[in-house]
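Single-structure report; data block below.
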Amino acid sequence: MKYKDYYDVLGVKRGAGEADIKAAYRKLARKYHPDVSREADAEVRFKEIAEAYQTLKDAEKRAAYDQLGQQQPGQDFRPPPDWQKQYGETQFAFDDIDLADLFAGLRGGRQHSGQARANMPMPGQDYEIPVSITLEQAYRGTDVDLDLSMPEYAADGALRRVPRTFRAHIPKGATDGQRLRVPAKGGKGLNGGRDGDLYLNITLHPHSVFRVSGHDLYMDLPLAPWEAALGASIEVPTPGGLVRLKVSPGTRAGQQLRLPKRGLPRPRSGEGDLFVIVQIVMPGTMSEKERVLYKQLAEATKFDPRTQFRQEVRNENRTH
Amino acid sequence: MRTELTEILWLDEHHDLPLTRLAELSGLSEAELRELMDYGVLPPADPGAPQLNFHSDCIVIARTACRLRDELELDVHGLALILSLLDRVHDLEAQLNDLRARGSHGA
């Protein structure tokens, strides 16, 4: 078991009073709580902070923690020989648990007597698991492997951390931000309490072609100037495969073409749409022949793309 | 050995659950859930129905409320305020994401 310095995590002295510990926790919780924080490492930091506070706010758990002595953070250690007799109502397999499991297993002084807690139904822990999938996986549905580590009571009554591995089928229709619930696969309930659940939080990897908004997709369609001018029949990728798209003559940059039902499938029925946004792109280099042709076009055309600017200037001159 | 998970439930408006079940799954009391409903941050599936039911996506809101209650030591009024602000943040983030998706990569 690795030692963690809970006082150091909260930034308080070892002799700090209850009020100081609470104030330090509240300040850090406001900064790092994952539901409200924008800090990059909020989730990890808050877990450490909450774990430290859960132990130090409770007089009995804090006394038990202090009895462990001060070690170097991260250092392997075992509690002193009499420690478990004095504080533990649970057997611990010290090598297989971490410090948080150890103190979660202690009864704590304030809320329940050990006897009452021993008989009280306790629900198992729920687990929130981020699951990152590709757009193609979201389109078709996919299997993901989940590797978890859960504290569990073994047959001999000892608390151990055990690996649990699952293969979950993410049904098609899940998109960014979707939550899925897997009932009763979280931590085991105690004394008849319900087993905890798994909550899968789906996120989509960014895609090189498609941008996602709900179940709708957006993509850029680069066109050569002559394709936009003359019209073209172009193959475009969609999550379901290539489709042929007819581009009308005179298509403008920024114009949006909608391909109905070519977006991501919705959970129960239907599909989102795919929107194709026209971009007109120039070749990086031009041959002499192309340059001559453009020059001929410039001489032949009466098209003025900036009539609006000229109108503005005329209006300005009139008002002054 | 891997366990195959077959029962995976969508959290959305197509599944409803009663108040007692929402309390059980979220860790909040029924009284706290009713209060959050009165503050307008936990909408009932059918406000006129004799039995109080919630769409299953309310589990996400109720679990967030439970976390905030336990970890930030907030009362229900504070929870309602934070939940409504978080709802606005999520809504704005979705709008921002939508605008980004509509914009061009090259823009």
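In the structure tokens, chains take letters A, B, ... by order of appearance, with residues numbered from 1 within each chain and ligands from 1 in the order shown.
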Q: Up to 9 Å from chain A, what residues of chain B turn up? Count only C-alpha atoms and give them as number ranges by chain.
A: B: 1-12, 24-25, 57, 60, 64, 67-68, 71-73, 82, 86, 94-95, 97-106
Output C-alpha atoms of each residue in that selection to a file, as a PDB file, in the first residue's frame.
ATOM      1  CA  MET B   1     -12.249 -13.556 -18.118  1.00  0.00           C
ATOM      2  CA  ARG B   2     -14.317 -10.850 -19.713  1.00  0.00           C
ATOM      3  CA  THR B   3     -17.987 -10.521 -18.853  1.00  0.00           C
ATOM      4  CA  GLU B   4     -20.185  -9.622 -21.808  1.00  0.00           C
ATOM      5  CA  LEU B   5     -22.456  -6.726 -20.911  1.00  0.00           C
ATOM      6  CA  THR B   6     -25.739  -7.203 -22.668  1.00  0.00           C
ATOM      7  CA  GLU B   7     -28.081  -4.929 -20.732  1.00  0.00           C
ATOM      8  CA  ILE B   8     -27.051  -1.425 -21.686  1.00  0.00           C
ATOM      9  CA  LEU B   9     -29.697   1.234 -21.205  1.00  0.00           C
ATOM     10  CA  TRP B  10     -30.036   4.563 -22.975  1.00  0.00           C
ATOM     11  CA  LEU B  11     -30.524   7.498 -20.634  1.00  0.00           C
ATOM     12  CA  ASP B  12     -33.090   9.468 -22.598  1.00  0.00           C
ATOM     13  CA  GLU B  24     -32.363   4.935  -5.215  1.00  0.00           C
ATOM     14  CA  LEU B  25     -30.173   5.369  -8.297  1.00  0.00           C
ATOM     15  CA  ASP B  57     -31.795  11.127 -18.549  1.00  0.00           C
ATOM     16  CA  VAL B  60     -27.529  12.310 -14.919  1.00  0.00           C
ATOM     17  CA  THR B  64     -24.634  15.383 -10.472  1.00  0.00           C
ATOM     18  CA  ARG B  67     -22.139  14.615  -6.063  1.00  0.00           C
ATOM     19  CA  LEU B  68     -22.356  18.371  -5.585  1.00  0.00           C
ATOM     20  CA  GLU B  71     -18.600  17.037  -2.226  1.00  0.00           C
ATOM     21  CA  LEU B  72     -19.335  20.765  -2.067  1.00  0.00           C
ATOM     22  CA  GLU B  73     -21.614  20.476   0.981  1.00  0.00           C
ATOM     23  CA  ILE B  82     -25.570  25.378  -9.773  1.00  0.00           C
ATOM     24  CA  LEU B  86     -24.498  24.069 -15.510  1.00  0.00           C
ATOM     25  CA  ALA B  94     -23.516  22.689 -27.508  1.00  0.00           C
ATOM     26  CA  GLN B  95     -24.238  25.897 -29.447  1.00  0.00           C
ATOM     27  CA  ASN B  97     -19.808  23.120 -30.884  1.00  0.00           C
ATOM     28  CA  ASP B  98     -22.596  23.431 -33.448  1.00  0.00           C
ATOM     29  CA  LEU B  99     -21.176  26.723 -34.753  1.00  0.00           C
ATOM     30  CA  ARG B 100     -17.720  25.183 -34.966  1.00  0.00           C
ATOM     31  CA  ALA B 101     -19.129  22.205 -36.863  1.00  0.00           C
ATOM     32  CA  ARG B 102     -20.954  24.517 -39.291  1.00  0.00           C
ATOM     33  CA  GLY B 103     -17.820  26.618 -39.860  1.00  0.00           C
ATOM     34  CA  SER B 104     -15.235  25.585 -42.390  1.00  0.00           C
ATOM     35  CA  HIS B 105     -11.955  23.900 -41.343  1.00  0.00           C
ATOM     36  CA  GLY B 106     -10.173  26.344 -43.589  1.00  0.00           C
TER      37      GLY B 106
END
Q: Report as a ChimeraX atom specification: the residues of stretch 7-103 of chain B with a DSSP assignment of strand (DSSP E or B), based on the backbone of this structure.
A: /B:9-10,16-18,53-55
Q.
Residues near stretch 232-238 of chain A, anyone? I mean within 9 Å using only C-alpha atoms, not counting same-chain ones fewer than 2 positions away, as number ranges by chain.
A. A: 209-210, 221, 226-230, 240-249, 262-263, 274
Quick one: write out the picked residues with C-alpha atoms as a PDB file, in the first residue's frame?
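This is the output file result17.pdb:
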ATOM      1  CA  VAL A 209     -13.286  14.858 -42.535  1.00  0.00           C
ATOM      2  CA  PHE A 210     -16.523  15.120 -40.542  1.00  0.00           C
ATOM      3  CA  LEU A 221     -16.184  20.067 -50.081  1.00  0.00           C
ATOM      4  CA  TRP A 226     -14.138  25.574 -62.940  1.00  0.00           C
ATOM      5  CA  GLU A 227     -16.096  22.821 -61.133  1.00  0.00           C
ATOM      6  CA  ALA A 228     -17.991  25.521 -59.197  1.00  0.00           C
ATOM      7  CA  ALA A 229     -18.539  27.522 -62.401  1.00  0.00           C
ATOM      8  CA  LEU A 230     -19.545  24.722 -64.735  1.00  0.00           C
ATOM      9  CA  GLY A 240     -21.969   4.885 -44.930  1.00  0.00           C
ATOM     10  CA  GLY A 241     -19.678   4.993 -47.974  1.00  0.00           C
ATOM     11  CA  LEU A 242     -19.107   7.109 -51.053  1.00  0.00           C
ATOM     12  CA  VAL A 243     -22.055   8.896 -52.643  1.00  0.00           C
ATOM     13  CA  ARG A 244     -22.190  10.863 -55.883  1.00  0.00           C
ATOM     14  CA  LEU A 245     -23.144  14.487 -55.458  1.00  0.00           C
ATOM     15  CA  LYS A 246     -24.298  16.766 -58.265  1.00  0.00           C
ATOM     16  CA  VAL A 247     -22.854  20.260 -57.963  1.00  0.00           C
ATOM     17  CA  SER A 248     -24.923  22.821 -59.886  1.00  0.00           C
ATOM     18  CA  PRO A 249     -23.250  25.308 -62.256  1.00  0.00           C
ATOM     19  CA  ARG A 262     -26.471  10.619 -44.264  1.00  0.00           C
ATOM     20  CA  GLY A 263     -25.440  11.671 -40.750  1.00  0.00           C
ATOM     21  CA  LEU A 274     -24.860  15.398 -43.589  1.00  0.00           C
TER      22      LEU A 274
END
Q: Figure out the distance between atom CA of A:Pro265 and atom CA of A:Lys172, please, to one decimal in Å.
A: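 Pair atom CA of A:Lys172 / atom CA of A:Pro265 returns 6.6 Å.
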Q | Distance query A:Val131 at most 9 Å, only C-alpha atoms, self and fewer than 5 positions along chain excluded, as a list of chain:residue names | A |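 Here the answer would be A:Val144, A:Leu146, A:Leu200, A:Asn201, A:Ile202, A:Thr203, A:Leu204.
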Output the selection as a CSV table (one decimal), in the first residue's frame - N, CA and C atoms for each residue.
chain,number,residue,atom,x,y,z
A,144,VAL,N,-16.6,-2.4,-26.8
A,144,VAL,CA,-15.4,-1.9,-26.2
A,144,VAL,C,-15.1,-2.7,-24.9
A,146,LEU,N,-13.6,-2.9,-21.2
A,146,LEU,CA,-13.5,-2.0,-20.0
A,146,LEU,C,-12.7,-2.8,-19.0
A,200,LEU,N,-21.5,4.8,-18.6
A,200,LEU,CA,-20.5,5.0,-19.7
A,200,LEU,C,-20.8,6.4,-20.3
A,201,ASN,N,-19.8,7.2,-20.3
A,201,ASN,CA,-19.8,8.6,-20.9
A,201,ASN,C,-19.1,8.5,-22.2
A,202,ILE,N,-19.9,8.7,-23.3
A,202,ILE,CA,-19.4,8.5,-24.6
A,202,ILE,C,-18.8,9.8,-25.1
A,203,THR,N,-17.6,9.7,-25.7
A,203,THR,CA,-17.0,10.9,-26.4
A,203,THR,C,-16.5,10.4,-27.8
A,204,LEU,N,-16.6,11.2,-28.8
A,204,LEU,CA,-16.1,10.8,-30.1
A,204,LEU,C,-14.8,11.5,-30.4
Q) Near B:Ala62, counting only C-alpha atoms, which residues have an atom at most 12 Å away, once you skip same-chain residues fewer than 5 positions from it, shown as a VMD selection string? A) chain B and resid 19 21 to 30 32 to 37 41 to 43 54 to 57 67 to 69 76 79 to 80 83
Q: Find the distance between atom CA of A:Lys47 and atom CA of B:Glu93 and write it in Å to one decimal.
A: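 Calculated distance between atom CA of A:Lys47 and atom CA of B:Glu93 is 24.8 Å.
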At a cut-off of 12 Å, can you tabulate as CSV every residue of stretch 224-286 of chain A near stretch 290-313 of chain A together with its closest atom pair and the distance in Å to one decimal, using only C-alpha atoms and ordering rows by chain then number?
residue,atom,partner,partner_atom,distance
A:Pro225,CA,A:Tyr294,CA,10.8
A:Trp226,CA,A:Tyr294,CA,10.7
A:Arg252,CA,A:Pro305,CA,11.7
A:Met282,CA,A:Glu290,CA,11.5
A:Pro283,CA,A:Glu290,CA,10.2
A:Thr285,CA,A:Glu290,CA,9.7
A:Met286,CA,A:Glu290,CA,5.9
Q | Coordinates-based distance that separates atom CA of A:Gln67 from atom CA of A:Asp98 (Å, one decimal) | A |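 Spanning atom CA of A:Asp98 to atom CA of A:Gln67 is a straight-line distance of 16.6 Å.
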**Q.** A:Leu190 surroundings by only C-alpha atoms, 9 Å radius, close-in-sequence under 3 positions cut, as a VMD selection string
**A.** chain A and resid 118 to 124 193 to 195
Can you tell me, as a PDB file with N, CA and C atoms, in the first residue's frame, what residues are no more than 8 Å from A:Thr134 when counting only C-alpha atoms, ignoring any on the same chain fewer than 4 positions away?
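And here is the file that came out, selection_7.pdb:
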ATOM      1  N   ALA A 138     -19.284   4.824 -33.871  1.00  0.00           N
ATOM      2  CA  ALA A 138     -20.590   5.363 -33.474  1.00  0.00           C
ATOM      3  C   ALA A 138     -21.626   5.064 -34.546  1.00  0.00           C
ATOM      4  N   LEU A 204     -16.592  11.224 -28.762  1.00  0.00           N
ATOM      5  CA  LEU A 204     -16.134  10.839 -30.100  1.00  0.00           C
ATOM      6  C   LEU A 204     -14.769  11.455 -30.369  1.00  0.00           C
ATOM      7  N   HIS A 205     -13.875  10.655 -30.941  1.00  0.00           N
ATOM      8  CA  HIS A 205     -12.590  11.198 -31.415  1.00  0.00           C
ATOM      9  C   HIS A 205     -12.864  12.233 -32.500  1.00  0.00           C
ATOM     10  N   PRO A 206     -12.086  13.301 -32.556  1.00  0.00           N
ATOM     11  CA  PRO A 206     -12.222  14.209 -33.703  1.00  0.00           C
ATOM     12  C   PRO A 206     -11.941  13.446 -35.000  1.00  0.00           C
ATOM     13  N   HIS A 207     -12.663  13.778 -36.064  1.00  0.00           N
ATOM     14  CA  HIS A 207     -12.523  13.081 -37.341  1.00  0.00           C
ATOM     15  C   HIS A 207     -11.831  14.004 -38.340  1.00  0.00           C
TER      16      HIS A 207
END
Q | Which of stretch 46-272 of chain A fall in helix (DSSP H, G or I), as a PyMOL selection string | A | chain A and resi 46-56+59-67+83-87+94-96+99-104+114-119+135-140+225-230
Q | Which of B:Ala31, B:Ala45, B:Ile61, B:Cys66 sits closest to B:Asp87 [using only C-alpha atoms] | A |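 Smallest separation from B:Asp87 among the options: B:Ile61.
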